[in-house]
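Remarks on the structure that follows.
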Amino acid sequence: MLTQQVIVQNHTGLHARPAKEIVKTAGSFQSEITLKKDTKIANAKSLVGVIALGAPKGTEIIVSAAGEDEESALKSIVALFENKFGEE
C-alpha cells in the first residue's frame with residue numbers, strides 16, 4: 001500500500017466536478033484507492049463517498065492505493081489535486 005498527503009488547493013474544494021474527476025480517474029485502475037480526511041474514509045471510486053468528505057480549500061487529504069497498479073493510481077490521483085482539478 002502506498003500513501004501520500006495532498007492539500008485541496010482549488011478554490012471551491014471537493015465539490016461535484018472535482019469529485020467526478022477523482023472517481024473517473026480511480027475507476028481506470030484495478031487498485032483500491034481511498035481518501036481520508038480526519039476520521040472519514042471514502043472509496044475514491046464512489047462519487048457520493050468523495051463528496052461526503054466535505055473537503056474545502058486547504059483541507060489535508062491522505063490518498064492511499066493498494067493493488068497491482070498502486071503506484072500509477074496514486075500518482076494519477078495526486079496529480080489531480082496538484083493541478084487543482086483544472087479549475088484555476
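Residues in the C-alpha cells are named by chain (A, B, ... in the order shown) and by number from 1 within that chain; ligands are numbered from 1 in the order shown.
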Original post:
Which parts of chain A does DSSP call helix (DSSP H, G or I) when run on the backbone here, written out as a PyMOL selection string?
Top reply: chain A and resi 16-26+47-52+70-82+84-86
Excluding Gly67 of chain A and any residue of its chain fewer than 6 positions from it, enumerate the residues within 10 Å of it, using only C-alpha atoms, and give them as an mmCIF file with N, CA and C atoms, in the first residue's frame.
```cif
data_model
loop_
_atom_site.group_PDB
_atom_site.id
_atom_site.type_symbol
_atom_site.label_atom_id
_atom_site.label_comp_id
_atom_site.auth_asym_id
_atom_site.auth_seq_id
_atom_site.Cartn_x
_atom_site.Cartn_y
_atom_site.Cartn_z
ATOM 1 N N MET A 1 0.849 -1.181 0.000
ATOM 2 C CA MET A 1 0.000 0.000 0.000
ATOM 3 C C MET A 1 0.889 1.237 0.000
ATOM 4 N N LEU A 2 0.537 2.185 -0.832
ATOM 5 C CA LEU A 2 1.231 3.460 -0.904
ATOM 6 C C LEU A 2 0.300 4.571 -0.428
ATOM 7 N N PHE A 29 -8.259 2.232 -12.673
ATOM 8 C CA PHE A 29 -7.227 1.397 -12.054
ATOM 9 C C PHE A 29 -7.843 0.208 -11.334
ATOM 10 N N GLN A 30 -7.070 -0.876 -11.255
ATOM 11 C CA GLN A 30 -7.504 -2.072 -10.531
ATOM 12 C C GLN A 30 -7.388 -1.879 -9.016
ATOM 13 N N SER A 31 -6.434 -1.071 -8.591
ATOM 14 C CA SER A 31 -6.151 -0.894 -7.170
ATOM 15 C C SER A 31 -7.320 -0.317 -6.399
ATOM 16 N N GLU A 32 -7.342 -0.619 -5.113
ATOM 17 C CA GLU A 32 -8.288 0.008 -4.194
ATOM 18 C C GLU A 32 -7.686 1.359 -3.814
ATOM 19 N N ILE A 33 -8.449 2.419 -4.001
ATOM 20 C CA ILE A 33 -7.954 3.762 -3.719
ATOM 21 C C ILE A 33 -8.894 4.413 -2.715
ATOM 22 N N ALA A 73 -1.760 4.520 -9.896
ATOM 23 C CA ALA A 73 -3.024 5.027 -9.357
ATOM 24 C C ALA A 73 -2.777 6.208 -8.428
#
```
Original post:
Please, what distance in Å, to one decimal, runs between atom CA of Asp38 of chain A and atom CA of Ile61 of chain A?
Top reply: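 According to the coordinates, atom CA of Asp38 of chain A and atom CA of Ile61 of chain A are separated by 8.0 Å.
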Subject >> Residues within 9 Å of segment 77-87 of chain A, only C-alpha atoms, excluding chain neighbours under 4 positions, as an MDAnalysis selection string >> reply: chainID A and resid 4:12 17:18 21:22 25:26 33 63 72:73
**OP:** From the DSSP assignment of the backbone, select every residue of chain A that is strand (DSSP E), and format the answer as a list in words.
**Re:** Leu2, Thr3, Gln4, Gln5, Val6, Ile7, Glu32, Ile33, Thr34, Leu35, Lys36, Lys37, Lys40, Ile41, Ala42, Asn43, Glu60, Ile61, Ile62, Val63, Ser64, Ala65 and Ala66 of chain A
